[in-house]
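Just model10.txt here, compact mmCIF, C-alpha atoms and all ligand atoms:
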# COMPACT_ATOMS: atom_id res chain seq x y z
CA MET Q 269 -24.29 -38.29 10.29
CA SER Q 270 -23.32 -38.59 6.68
CA ILE Q 271 -22.69 -36.11 3.91
CA ILE Q 272 -25.91 -34.66 2.60
CA LYS Q 273 -26.51 -35.22 -1.11
CA ALA Q 274 -26.93 -32.07 -3.11
CA ASP Q 275 -27.43 -31.23 -6.73
CA THR Q 276 -26.76 -27.52 -6.73
CA HIS Q 277 -23.80 -25.53 -5.40
CA PRO Q 278 -23.88 -22.01 -3.92
CA LEU Q 279 -21.79 -20.68 -6.85
CA ASP Q 280 -23.93 -22.26 -9.55
CA ARG Q 281 -25.52 -18.98 -10.55
CA TYR Q 282 -22.10 -17.82 -11.77
CA LEU Q 283 -21.27 -21.04 -13.60
CA ARG Q 284 -22.30 -22.66 -16.85
CA THR Q 285 -23.22 -25.76 -14.88
CA GLU Q 286 -24.24 -27.64 -18.01
CA ARG Q 287 -20.51 -27.75 -18.88
CA LEU Q 288 -19.42 -29.25 -15.54
CA PRO Q 289 -17.43 -31.25 -14.64
CA HIS Q 290 -14.74 -29.05 -16.20
CA VAL Q 291 -11.69 -30.32 -18.13
CA TRP Q 292 -9.13 -29.68 -15.39
CA CYS Q 293 -7.29 -32.67 -13.93
CA PRO Q 294 -8.21 -33.97 -10.47
CA GLY Q 295 -6.63 -31.67 -7.89
CA CYS Q 296 -5.62 -28.95 -10.36
CA GLY Q 297 -5.72 -25.55 -8.63
CA ILE Q 298 -7.42 -23.63 -11.43
CA GLY Q 299 -10.93 -24.53 -10.24
CA THR Q 300 -10.07 -23.43 -6.71
CA VAL Q 301 -8.88 -20.03 -7.92
CA LEU Q 302 -11.92 -19.62 -10.16
CA GLY Q 303 -14.07 -20.34 -7.10
CA ALA Q 304 -12.25 -17.62 -5.13
CA TYR Q 305 -12.80 -15.19 -7.99
CA LEU Q 306 -16.54 -15.92 -8.16
CA ARG Q 307 -16.88 -15.61 -4.38
CA ALA Q 308 -15.13 -12.23 -4.50
CA MET Q 309 -17.51 -11.15 -7.26
CA GLU Q 310 -20.47 -12.25 -5.19
CA LYS Q 311 -19.16 -10.54 -2.06
CA ILE Q 312 -18.79 -7.13 -3.68
CA GLY Q 313 -22.04 -7.55 -5.59
CA MET Q 314 -20.43 -7.35 -9.01
CA ASP Q 315 -23.16 -7.85 -11.60
CA PRO Q 316 -22.40 -10.72 -14.01
CA GLU Q 317 -24.50 -8.89 -16.59
CA LYS Q 318 -21.96 -6.05 -16.48
CA SER Q 319 -18.86 -8.21 -16.27
CA ILE Q 320 -16.74 -9.97 -18.80
CA MET Q 321 -13.97 -12.50 -18.48
CA VAL Q 322 -11.24 -12.65 -21.08
CA SER Q 323 -8.69 -15.42 -21.25
CA GLY Q 324 -5.99 -16.69 -23.54
CA ILE Q 325 -4.96 -20.21 -24.46
CA GLY Q 326 -3.93 -22.78 -21.89
CA CYS Q 327 -5.60 -24.85 -19.21
CA THR Q 328 -6.23 -21.65 -17.22
CA GLY Q 329 -7.64 -20.04 -20.34
CA ARG Q 330 -10.48 -22.53 -20.32
CA ALA Q 331 -11.96 -20.68 -17.33
CA ALA Q 332 -13.72 -18.23 -19.64
CA GLY Q 333 -15.84 -21.11 -20.91
CA TYR Q 334 -17.25 -21.96 -17.48
CA VAL Q 335 -18.44 -18.60 -16.19
CA ARG Q 336 -22.02 -17.54 -16.66
CA MET Q 337 -21.24 -14.10 -18.05
CA ASP Q 338 -19.93 -12.73 -21.31
CA SER Q 339 -16.51 -14.14 -21.92
CA PHE Q 340 -13.96 -14.36 -24.65
CA HIS Q 341 -11.33 -17.03 -25.23
CA THR Q 342 -8.76 -15.14 -27.28
CA THR Q 343 -5.80 -16.43 -29.27
CA HIS Q 344 -2.66 -17.33 -27.33
CA GLY Q 345 -1.12 -14.35 -25.54
CA ARG Q 346 -3.71 -11.83 -26.66
CA ALA Q 347 -6.11 -11.72 -23.74
CA ILE Q 348 -4.63 -8.43 -22.52
CA PRO Q 349 -4.94 -6.36 -25.72
CA PHE Q 350 -8.46 -7.68 -26.21
CA ALA Q 351 -9.37 -6.67 -22.66
CA VAL Q 352 -7.70 -3.25 -22.87
CA GLY Q 353 -9.55 -2.48 -26.07
CA LEU Q 354 -12.81 -3.72 -24.63
CA LYS Q 355 -12.44 -1.54 -21.54
CA ALA Q 356 -11.51 1.49 -23.66
CA ALA Q 357 -14.63 1.04 -25.75
CA ARG Q 358 -16.92 0.06 -22.86
CA PRO Q 359 -15.61 1.59 -19.63
CA ASP Q 360 -18.94 0.72 -17.99
CA LEU Q 361 -18.06 -3.00 -17.96
CA ASN Q 362 -15.94 -4.85 -15.38
CA VAL Q 363 -13.20 -6.47 -17.39
CA THR Q 364 -11.11 -9.32 -15.99
CA VAL Q 365 -8.35 -11.26 -17.64
CA PHE Q 366 -8.06 -14.77 -16.21
CA SER Q 367 -5.14 -16.61 -17.74
CA GLY Q 368 -1.97 -18.62 -17.27
CA ASP Q 369 1.65 -17.68 -16.64
CA GLY Q 370 2.67 -18.81 -20.11
CA ASP Q 371 -0.12 -16.99 -21.86
CA LEU Q 372 0.44 -13.76 -19.94
CA PHE Q 373 4.21 -13.72 -19.52
CA ALA Q 374 5.74 -15.75 -22.34
CA ILE Q 375 3.91 -15.12 -25.61
CA GLY Q 376 1.88 -12.28 -24.05
CA GLY Q 377 4.67 -10.74 -21.96
CA ASN Q 378 4.94 -7.57 -23.96
CA HIS Q 379 1.23 -6.82 -23.76
CA ILE Q 380 0.98 -7.15 -20.01
CA ILE Q 381 3.84 -4.80 -19.17
CA HIS Q 382 2.36 -2.14 -21.46
CA ALA Q 383 -1.14 -2.56 -20.07
CA ALA Q 384 0.31 -2.04 -16.59
CA ARG Q 385 2.31 0.97 -17.81
CA ARG Q 386 -0.88 2.50 -19.22
CA ASN Q 387 -2.76 1.78 -16.02
CA ALA Q 388 -5.61 0.21 -17.96
CA ASN Q 389 -8.54 -0.26 -15.59
CA ILE Q 390 -8.73 -4.03 -15.78
CA THR Q 391 -8.14 -6.85 -13.30
CA VAL Q 392 -5.68 -9.57 -14.19
CA VAL Q 393 -5.72 -12.93 -12.40
CA ALA Q 394 -2.60 -14.84 -13.39
CA ILE Q 395 -2.40 -18.49 -12.46
CA ASN Q 396 1.25 -19.34 -12.11
CA ASN Q 397 1.66 -23.11 -12.19
CA PHE Q 398 5.33 -22.76 -13.23
CA THR Q 399 4.78 -24.33 -16.64
CA TYR Q 400 2.73 -24.66 -19.82
CA GLY Q 401 0.28 -27.17 -18.43
CA MET Q 402 -1.89 -27.61 -21.48
CA THR Q 403 0.90 -28.59 -23.84
CA GLY Q 404 2.40 -31.15 -21.47
CA GLY Q 405 4.70 -29.13 -19.22
CA GLN Q 406 7.36 -27.13 -21.06
CA LEU Q 407 9.79 -24.65 -19.53
CA ALA Q 408 8.07 -21.31 -18.88
CA PRO Q 409 9.51 -17.91 -17.91
CA THR Q 410 8.13 -18.76 -14.46
CA THR Q 411 9.71 -22.19 -13.99
CA PRO Q 412 11.84 -22.08 -10.83
CA GLU Q 413 15.55 -22.68 -11.20
CA THR Q 414 16.38 -26.41 -11.28
CA GLY Q 415 12.76 -27.23 -12.17
CA ILE Q 416 12.37 -30.29 -14.39
CA THR Q 417 10.17 -29.83 -17.45
CA THR Q 418 9.91 -31.61 -20.80
CA THR Q 419 12.22 -28.95 -22.28
CA SER Q 420 14.56 -28.75 -19.28
CA PRO Q 421 15.00 -32.44 -18.49
CA TYR Q 422 18.25 -31.80 -16.59
CA GLY Q 423 16.81 -28.89 -14.63
CA ASN Q 424 16.13 -25.26 -15.46
CA VAL Q 425 19.23 -23.05 -15.64
CA GLU Q 426 17.31 -19.77 -16.17
CA SER Q 427 16.04 -17.47 -13.47
CA PRO Q 428 12.30 -16.96 -13.60
CA PHE Q 429 10.49 -13.64 -13.74
CA ASN Q 430 9.31 -12.23 -10.45
CA LEU Q 431 5.85 -11.49 -11.81
CA ALA Q 432 4.73 -9.27 -8.94
CA GLY Q 433 7.93 -7.22 -9.12
CA LEU Q 434 7.75 -6.89 -12.88
CA ILE Q 435 4.15 -5.69 -12.93
CA ALA Q 436 4.60 -3.33 -9.97
CA VAL Q 437 7.60 -1.68 -11.64
CA ALA Q 438 5.76 -1.45 -14.95
CA GLY Q 439 3.17 0.85 -13.35
CA ALA Q 440 0.28 -1.19 -11.95
CA SER Q 441 -2.03 0.19 -9.24
CA TYR Q 442 -2.58 -3.02 -7.28
CA VAL Q 443 -0.30 -6.04 -7.05
CA ALA Q 444 -0.70 -9.11 -4.86
CA ARG Q 445 0.42 -12.72 -4.80
CA TRP Q 446 -1.25 -15.68 -3.11
CA THR Q 447 -1.35 -19.41 -3.60
CA SER Q 448 -4.19 -21.84 -4.20
CA LEU Q 449 -3.90 -22.76 -0.52
CA HIS Q 450 -4.48 -19.18 0.74
CA VAL Q 451 -8.08 -19.28 -0.41
CA ARG Q 452 -9.57 -16.82 2.06
CA ARG Q 453 -6.89 -14.19 1.72
CA LEU Q 454 -6.96 -14.65 -2.03
CA GLU Q 455 -10.69 -13.99 -1.99
CA LYS Q 456 -10.24 -10.77 0.04
CA SER Q 457 -7.46 -9.66 -2.25
CA LEU Q 458 -9.57 -10.32 -5.34
CA GLU Q 459 -12.35 -8.20 -3.83
CA LYS Q 460 -9.88 -5.33 -3.56
CA ALA Q 461 -8.44 -5.93 -7.01
CA LEU Q 462 -11.90 -5.93 -8.58
CA LYS Q 463 -12.87 -2.71 -6.83
CA LYS Q 464 -9.58 -0.94 -7.53
CA ARG Q 465 -9.57 1.66 -10.30
CA GLY Q 466 -6.50 1.08 -12.41
CA PHE Q 467 -4.45 -1.91 -13.40
CA SER Q 468 -4.75 -4.61 -10.76
CA PHE Q 469 -2.78 -7.79 -10.82
CA VAL Q 470 -3.20 -10.87 -8.65
CA GLU Q 471 -0.75 -13.71 -9.15
CA VAL Q 472 -1.84 -17.06 -7.77
CA LEU Q 473 0.76 -19.81 -7.43
CA SER Q 474 -1.05 -23.03 -8.16
CA GLN Q 475 -0.51 -26.74 -8.54
CA CYS Q 476 -0.32 -28.56 -11.84
CA PRO Q 477 0.09 -32.12 -10.62
CA THR Q 478 -0.12 -33.57 -14.12
CA ALA Q 479 2.51 -31.66 -16.06
CA TYR Q 480 4.73 -30.00 -13.45
CA GLY Q 481 4.20 -31.65 -10.08
CA ARG Q 482 4.72 -35.14 -11.43
CA ARG Q 483 8.23 -34.27 -12.59
CA ASN Q 484 9.16 -32.32 -9.48
CA ARG Q 485 8.33 -34.66 -6.65
CA MET Q 486 4.83 -33.26 -6.23
CA ARG Q 487 2.78 -35.90 -8.00
CA ASP Q 488 -0.11 -35.54 -5.59
CA PRO Q 489 -1.84 -32.12 -5.59
CA VAL Q 490 -1.64 -32.16 -1.80
CA ASP Q 491 2.20 -32.14 -2.09
CA THR Q 492 2.30 -28.75 -3.81
CA LEU Q 493 -0.11 -27.29 -1.27
CA LYS Q 494 2.06 -28.65 1.55
CA TYR Q 495 5.03 -27.01 -0.18
CA PHE Q 496 3.14 -23.68 -0.23
CA GLN Q 497 2.21 -24.19 3.42
CA LYS Q 498 5.85 -24.75 4.31
CA TYR Q 499 7.50 -21.94 2.34
CA ALA Q 500 4.93 -19.16 1.87
CA VAL Q 501 5.51 -16.23 4.21
CA VAL Q 502 2.54 -13.89 4.48
CA LYS Q 503 3.70 -10.26 4.54
CA ASN Q 504 2.02 -7.16 3.25
CA HIS Q 505 3.64 -4.20 1.53
CA VAL Q 506 6.99 -5.81 1.02
CA ASN Q 507 9.08 -4.25 -1.73
CA PRO Q 508 7.83 -6.13 -4.82
CA LEU Q 509 11.40 -6.60 -5.98
CA GLU Q 510 11.85 -8.89 -2.99
CA GLY Q 511 9.21 -11.21 -4.38
CA VAL Q 512 11.63 -13.61 -6.02
CA ILE Q 513 10.76 -17.30 -5.82
CA GLU Q 514 13.56 -19.80 -5.38
CA PRO Q 515 13.14 -23.55 -4.99
CA ASN Q 516 12.95 -24.85 -1.42
CA LYS Q 517 13.25 -21.39 0.07
CA PRO Q 518 10.70 -19.15 1.75
CA PHE Q 519 8.86 -16.80 -0.62
CA VAL Q 520 6.58 -13.86 0.09
CA VAL Q 521 2.84 -13.90 -0.46
CA GLY Q 522 0.64 -10.92 0.28
CA GLU Q 523 -0.28 -7.52 -1.01
CA PHE Q 524 2.77 -5.87 -2.53
CA LEU Q 525 1.22 -2.67 -3.79
CA ASP Q 526 -2.02 -0.75 -3.32
CA ALA Q 527 -1.17 2.60 -4.88
CA PRO Q 528 -3.16 5.83 -4.53
CA GLU Q 529 -5.63 6.24 -7.34
CA GLU Q 530 -4.33 7.74 -10.57
CA PRO Q 531 -6.21 8.44 -13.80
CA THR Q 532 -6.59 5.29 -15.84
CA PHE Q 533 -5.94 4.77 -19.53
CA GLU Q 534 -9.68 5.01 -20.25
CA ASP Q 535 -10.00 8.18 -18.14
CA LYS Q 536 -7.33 9.84 -20.22
CA LEU Q 537 -8.80 8.71 -23.49
CA TRP Q 538 -12.20 9.95 -22.37
CA GLU Q 539 -10.81 13.32 -21.27
CA LEU Q 540 -9.10 13.68 -24.59
CA THR Q 541 -12.18 12.87 -26.60
CA LYS Q 542 -14.67 14.62 -24.29
CA ALA Q 543 -12.90 17.96 -24.47
CA GLU Q 544 -12.97 17.81 -28.20
CA PHE Q 545 -16.41 16.30 -28.64
CA LEU Q 546 -18.58 18.33 -26.33
CA HIS Q 547 -20.70 20.99 -27.95
CA THR Q 548 -19.52 20.18 -31.41
CA SER Q 549 -21.50 19.69 -34.55
CA GLN Q 550 -21.41 16.53 -36.61
CA ALA Q 551 -19.18 18.25 -39.15
CA GLU Q 552 -16.77 19.36 -36.42
CA ARG Q 553 -16.67 15.83 -35.03
CA SER Q 554 -15.80 14.38 -38.41
CA GLU Q 555 -13.07 16.95 -38.71
CA TRP Q 556 -11.80 16.03 -35.27
CA ILE Q 557 -11.70 12.38 -36.22
CA ILE Q 558 -9.58 13.16 -39.23
CA GLU Q 559 -7.28 15.34 -37.16
CA HIS Q 560 -6.89 12.71 -34.42
CA ARG Q 561 -6.59 9.80 -36.75
CA ARG Q 562 -3.32 8.74 -35.22
CA HIS Q 563 -4.80 8.29 -31.73
CA LEU Q 564 -7.67 6.34 -33.13
CA GLU Q 565 -5.35 4.16 -35.11
CA VAL Q 566 -3.34 3.36 -31.99
CA LEU Q 567 -6.58 2.61 -30.20
CA SER Q 568 -7.83 0.37 -32.97
CA ARG Q 569 -4.51 -1.43 -33.05
CA ILE Q 570 -4.84 -2.12 -29.35
CA ILE Q 571 -8.40 -3.29 -29.83
CA SER Q 572 -7.47 -5.57 -32.70
CA GLY Q 573 -4.72 -7.13 -30.62
CA LYS Q 574 -1.88 -5.91 -32.79
CA GLY Q 575 -0.43 -4.06 -29.82
CA GLY Q 576 0.11 -0.35 -29.56
CA GLU Q 577 3.52 -0.83 -28.22
CA GLU Q 578 5.22 1.32 -30.86
CA MET T 128 -4.21 -26.86 14.64
CA ALA T 129 -3.26 -25.96 18.18
CA THR T 130 -4.66 -22.44 18.04
CA GLU T 131 -8.09 -23.68 17.05
CA SER T 132 -8.47 -26.14 19.85
CA ASN T 133 -7.31 -23.43 22.25
CA THR T 134 -9.95 -21.14 20.86
CA GLU T 135 -12.48 -23.86 21.35
CA LYS T 136 -11.46 -24.38 24.97
CA LEU T 137 -11.55 -20.66 25.65
CA LEU T 138 -14.97 -20.39 24.07
CA GLU T 139 -16.25 -23.33 26.08
CA ARG T 140 -15.01 -21.83 29.34
CA SER T 141 -16.94 -18.68 28.59
CA GLY T 142 -20.03 -20.73 27.87
CA LEU T 143 -19.84 -20.27 24.12
CA SER T 144 -19.33 -22.82 21.40
CA LEU T 145 -17.93 -22.95 17.91
CA PRO T 146 -20.41 -23.03 15.09
CA ARG T 147 -21.32 -26.40 13.65
CA GLY T 148 -21.65 -27.17 9.99
CA GLU T 149 -23.47 -29.61 7.76
CA VAL T 150 -21.53 -30.94 4.80
CA TYR T 151 -23.16 -31.22 1.37
CA LEU T 152 -21.78 -32.89 -1.74
CA ILE T 153 -22.68 -33.05 -5.41
CA GLU T 154 -21.26 -36.51 -5.71
CA ASP T 155 -20.86 -36.72 -9.48
CA ARG T 156 -18.85 -33.49 -9.67
CA CYS T 157 -16.14 -34.86 -7.34
CA LYS T 158 -12.85 -36.00 -8.90
CA GLY T 159 -11.54 -37.59 -5.72
CA CYS T 160 -8.54 -35.26 -5.46
CA GLY T 161 -8.50 -35.46 -1.68
CA LEU T 162 -7.81 -31.77 -1.07
CA CYS T 163 -10.89 -31.36 1.15
CA ILE T 164 -9.83 -34.42 3.13
CA ALA T 165 -6.19 -33.37 3.54
CA PHE T 166 -6.90 -29.82 4.67
CA CYS T 167 -10.02 -30.08 6.84
CA PRO T 168 -8.78 -28.66 10.15
CA LYS T 169 -11.09 -30.99 12.06
CA HIS T 170 -10.29 -34.14 10.07
CA VAL T 171 -13.96 -34.64 9.47
CA LEU T 172 -13.62 -36.10 5.98
CA VAL T 173 -12.25 -39.41 4.74
CA VAL T 174 -12.12 -41.21 1.37
CA SER T 175 -15.13 -43.44 0.84
CA ASP T 176 -15.09 -46.87 -0.80
CA LYS T 177 -17.85 -46.06 -3.20
CA PHE T 178 -17.42 -44.88 -6.78
CA ASN T 179 -19.27 -42.00 -8.37
CA LYS T 180 -20.45 -41.90 -11.98
CA LYS T 181 -16.97 -41.01 -13.25
CA GLY T 182 -15.25 -43.68 -11.18
CA TYR T 183 -13.82 -41.43 -8.48
CA HIS T 184 -14.05 -41.97 -4.73
CA PRO T 185 -15.92 -39.04 -3.19
CA PRO T 186 -15.28 -38.07 0.44
CA GLU T 187 -17.51 -39.09 3.32
CA LEU T 188 -17.74 -38.11 6.98
CA VAL T 189 -15.69 -39.91 9.64
CA GLU T 190 -17.52 -42.14 12.04
CA GLU T 191 -16.17 -40.77 15.30
CA GLU T 192 -18.55 -38.10 16.36
CA PRO T 193 -18.39 -35.96 18.43
CA VAL T 194 -14.57 -35.77 18.41
CA ASN T 195 -14.52 -34.87 14.75
CA VAL T 196 -17.23 -32.39 14.09
CA CYS T 197 -17.50 -29.89 11.30
CA ILE T 198 -17.05 -26.33 12.56
CA ASN T 199 -18.41 -24.73 9.39
CA CYS T 200 -15.06 -23.14 8.58
CA GLY T 201 -15.78 -23.39 4.86
CA PHE T 202 -12.28 -24.49 3.91
CA CYS T 203 -13.36 -27.67 2.06
CA GLU T 204 -15.84 -25.60 0.09
CA ARG T 205 -13.14 -23.12 -0.88
CA ILE T 206 -10.35 -25.56 -1.68
CA CYS T 207 -12.53 -27.89 -3.78
CA PRO T 208 -11.64 -27.26 -7.44
CA GLU T 209 -14.83 -28.92 -8.64
CA PHE T 210 -17.62 -26.87 -7.01
CA ALA T 211 -18.66 -30.20 -5.50
CA ILE T 212 -18.56 -29.86 -1.70
CA PHE T 213 -20.04 -27.11 0.47
CA VAL T 214 -21.20 -26.45 4.00
CA LYS T 215 -24.08 -24.74 5.71
CA GLU T 216 -24.38 -23.69 9.29
CA LYS T 217 -26.12 -26.29 11.39
CA LYS T 218 -28.93 -24.73 13.36
CA GLU T 219 -29.38 -25.87 16.96
CA GLU T 220 -32.03 -28.59 17.21
C1 LIG C 1 0.36 -19.09 -31.16
C2 LIG C 1 0.42 -20.32 -30.32
N1 LIG C 1 1.62 -20.78 -29.89
C3 LIG C 1 1.68 -21.86 -29.12
C4 LIG C 1 0.53 -22.53 -28.75
C5 LIG C 1 0.64 -23.77 -27.89
N2 LIG C 1 0.22 -23.52 -26.52
C6 LIG C 1 -1.03 -23.80 -26.10
S1 LIG C 1 -1.27 -23.49 -24.48
C7 LIG C 1 0.35 -22.98 -24.30
C8 LIG C 1 0.91 -22.54 -22.99
C9 LIG C 1 -0.07 -22.36 -21.91
O1 LIG C 1 0.59 -22.11 -20.72
P1 LIG C 1 -0.10 -21.29 -19.56
O2 LIG C 1 -0.62 -20.01 -20.07
O3 LIG C 1 0.84 -21.23 -18.42
O4 LIG C 1 -1.40 -22.15 -19.23
P2 LIG C 1 -1.59 -23.47 -18.35
O5 LIG C 1 -1.94 -24.53 -19.31
O6 LIG C 1 -0.33 -23.74 -17.60
O7 LIG C 1 -2.72 -23.10 -17.43
C10 LIG C 1 1.04 -23.06 -25.52
C11 LIG C 1 2.45 -22.72 -25.69
C12 LIG C 1 -0.70 -22.02 -29.22
N3 LIG C 1 -1.85 -22.58 -28.86
N4 LIG C 1 -0.73 -20.92 -30.00
S1 LIG C 2 -2.36 -30.17 -17.05
FE1 LIG C 2 -1.88 -29.13 -15.15
S2 LIG C 2 -2.76 -27.07 -15.35
FE2 LIG C 2 -3.68 -28.37 -16.94
S3 LIG C 2 -5.59 -29.11 -16.01
FE3 LIG C 2 -4.02 -30.68 -15.65
S4 LIG C 2 -3.18 -30.15 -13.63
FE4 LIG C 2 -4.29 -28.34 -14.36
S1 LIG C 3 -16.29 -26.80 6.84
FE1 LIG C 3 -14.24 -26.94 7.73
S2 LIG C 3 -14.52 -28.34 9.43
FE2 LIG C 3 -16.31 -28.60 8.16
S3 LIG C 3 -15.80 -30.32 6.82
FE3 LIG C 3 -15.27 -28.45 5.72
S4 LIG C 3 -13.12 -28.11 6.18
FE4 LIG C 3 -13.88 -29.58 7.69
S1 LIG C 4 -11.93 -31.36 -2.90
FE1 LIG C 4 -13.79 -31.62 -4.14
S2 LIG C 4 -13.18 -32.87 -5.86
FE2 LIG C 4 -11.57 -33.06 -4.33
S3 LIG C 4 -12.16 -34.88 -3.14
FE3 LIG C 4 -13.03 -33.13 -2.10
S4 LIG C 4 -15.12 -32.94 -2.92
FE4 LIG C 4 -13.95 -34.27 -4.32
MG MG C 5 0.91 -22.31 -16.71
Represent the supplied structure as structure tokens.
Amino acid sequence: MSIIKADTHPLDRYLRTERLPHVWCPGCGIGTVLGAYLRAMEKIGMDPEKSIMVSGIGCTGRAAGYVRMDSFHTTHGRAIPFAVGLKAARPDLNVTVFSGDGDLFAIGGNHIIHAARRNANITVVAINNFTYGMTGGQLAPTTPETGITTTSPYGNVESPFNLAGLIAVAGASYVARWTSLHVRRLEKSLEKALKKRGFSFVEVLSQCPTAYGRRNRMRDPVDTLKYFQKYAVVKNHVNPLEGVIEPNKPFVVGEFLDAPEEPTFEDKLWELTKAEFLHTSQAERSEWIIEHRRHLEVLSRIISGKGGEE
Amino acid sequence: MATESNTEKLLERSGLSLPRGEVYLIEDRCKGCGLCIAFCPKHVLVVSDKFNKKGYHPPELVEEEPVNVCINCGFCERICPEFAIFVKEKKEE
């Protein structure tokens, strides 16, 4: 028996195969997580024609360029406002943000907490590789204490964000964390996140052998996965505030939060506009628009990525 | 993977067997990262000597059948970051 030669892969219908092989380094976890996402999509029968992937800048951000569906590669840190605006304007579309820890929690940190607070009905897949991979491995708000990076050559003295805890407290509807090793459970969790109405957030700890692993005794991608195997403790519905990650200590992976359904940001906007718009004449609508200019301005600021954070 | 071999024994005793898989590979997509090899629960895969178009060593199957047989668990397919390797259930001949 030998391996059978193939030239197509079961996920090819979701991929821009003409762009493969992708840019990610050998053994980088981003491709694995993208695979889990596409399998989850397939499993729940999510129509690529009705789905859109938004990402920011970074190695993870390149994912948007490989999926065979509408996608948008935004400026650094602005994937969330773009996605929130898109969903507000087109609630019929499935909107996913697929981006890195730096993009979502450093430069984009303000946007993500407010999108969670608003319960915007989008799914966020955050690949946490503990660093800014694309720019060569700088200190990120997710770098574990003592972690060596190009900008913390003597070891990180800051404590990282607990992303799951932060987003749960901010007001999300669904929060989970997995690693690039927990591929099956990640897939199941992504199915739930995609189906969930409201802000859903899935953090995936992942290996960056090139920029982070190499400096932290995990040069081989297998090393980081062995680390995850050793320290990840699968537990569901743990208090998200207990989701802290410390070096060489057990950390929790699992579903932290699956909250009862609440009206989403788009629901509320729709209610607001529907009540006013129904059975009105064109003249009345124009009048309404003038009267509600402030709301529309906030909305357009969100859509244009200038925030609406006040 | 103690639990798996126990499962296998239990299944065998009740006259059942684990599924078998056939491994497929798009050779030129592989970047030789070794993740499929390191995490195959049945140790079915090894690094080959050959080079693909990009100069990486793709995996190949181990010689020793039937000790190391693919059980169609799908882990290699899921862990592969390159959409290169996948498995299909092997139908009984
Ligand atoms: C406005 C702006 N600031 C800084 C950069 C440089 N930059 C590019 S990617 C990146 C960080 C990416 O980190 P992360 O989101 O974690 O992605 P990764 O590469 O780790 O997947 C930075 C700071 C930029 N492109 N634009
Ligand atoms: S630099 Fe790191 S995150 Fe970027 S592709 Fe390479 S391994 Fe992946
Ligand atoms: S399907 Fe499972 S048993 Fe078969 S080669 Fe892949 S990882 Fe190994
Ligand atoms: S996991 Fe994929 S890319 Fe890595 S060695 Fe196996 S087939 Fe090649
Ligand atoms: Mg990163």
Using only C-alpha atoms and all ligand atoms, find each residue with an atom at most 7 Å away from ligand LIG 4 (chain C) and format the answer as a VMD selection string. (chain Q and resid 294 to 295) or (chain T and resid 152 156 to 164 185 to 186 203 206 to 212)
Once you count all atoms listed in the file, which residues end up within 9 Å of ligand LIG 1 (chain C), and could you hand them over as a PyMOL selection string? chain Q and resi 298+324-330+343-345+367-375+394-406+408+410+476+479
Residues near stretch 196-199 of chain T, cut-off 9 Å, all atoms listed in the file, skip fewer than 2 positions along chain, as a list in words: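 That gives Leu145, Pro146, Arg147, Gly148, Glu149, Val150, Cys167, Pro168, Lys169, His170, Val171, Val189, Glu191, Glu192, Pro193, Val194, Gly201, Phe202, Val214, Lys215, Glu216 and Lys217 of chain T.
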Among T:Glu139, T:Glu204, T:Asp155, T:Asp176, ligand LIG 3 (chain C) is approached most closely, using only C-alpha atoms and all ligand atoms, by T:Glu204
List every residue of chain Q that has an atom at most 8 Å from any atom of chain T, giving for each one its closest atom pair and the distance in Å to one decimal, counting all atoms listed in the file, sorted by chain and then by ascending residue number, as a Markdown table.
| residue | atom | partner | partner_atom | distance |
| --- | --- | --- | --- | --- |
| Q:Met269 | CA | T:Leu188 | CA | 7.3 |
| Q:Ser270 | CA | T:Leu188 | CA | 5.6 |
| Q:Ile271 | CA | T:Val150 | CA | 5.4 |
| Q:Ile272 | CA | T:Tyr151 | CA | 4.6 |
| Q:Lys273 | CA | T:Leu152 | CA | 5.3 |
| Q:Ala274 | CA | T:Ile153 | CA | 4.9 |
| Q:Asp275 | CA | T:Ile153 | CA | 5.3 |
| Q:Thr276 | CA | T:Ile153 | CA | 7.0 |
| Q:His277 | CA | T:Phe210 | CA | 6.5 |
| Q:Pro278 | CA | T:Phe213 | CA | 7.7 |
| Q:Leu279 | CA | T:Phe210 | CA | 7.5 |
| Q:Leu288 | CA | T:Arg156 | CA | 7.3 |
| Q:Pro289 | CA | T:Arg156 | CA | 5.6 |
| Q:His290 | CA | T:Glu209 | CA | 7.6 |
| Q:Pro294 | CA | T:Cys160 | CA | 5.2 |
| Q:Gly295 | CA | T:Cys160 | CA | 4.7 |
| Q:Cys296 | CA | T:Pro208 | CA | 6.9 |
| Q:Gly297 | CA | T:Pro208 | CA | 6.3 |
| Q:Ile298 | CA | T:Pro208 | CA | 6.8 |
| Q:Gly299 | CA | T:Pro208 | CA | 4.0 |
| Q:Thr300 | CA | T:Pro208 | CA | 4.2 |
| Q:Val301 | CA | T:Pro208 | CA | 7.8 |
| Q:Gly303 | CA | T:Arg205 | CA | 6.9 |
| Q:Ala304 | CA | T:Arg205 | CA | 7.0 |
| Q:Ser448 | CA | T:Ile206 | CA | 7.6 |
| Q:Leu449 | CA | T:Ile206 | CA | 7.1 |
| Q:Val451 | CA | T:Arg205 | CA | 6.4 |
| Q:Arg452 | CA | T:Arg205 | CA | 7.8 |
| Q:Pro489 | CA | T:Cys160 | CA | 7.4 |
| Q:Val490 | CA | T:Leu162 | CA | 6.2 |
So for stretch 148-152 of chain T, what box centre and size do we get, axis-aligned, 4 Å extra on each of the six sides, every listed atom, Å to one decimal, as lines of an AutoDock Vina configuration file?
center_x = -22.5
center_y = -30.0
center_z = 4.1
size_x = 9.9
size_y = 13.7
size_z = 19.7
Under the rule that all atoms listed in the file are counted, which of Q:Arg284, Q:Tyr305, Q:Tyr334, Q:Arg483 is the nearest residue to Q:Thr418?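 Counting all atoms listed in the file, the residue closest to Q:Thr418 is Q:Arg483.
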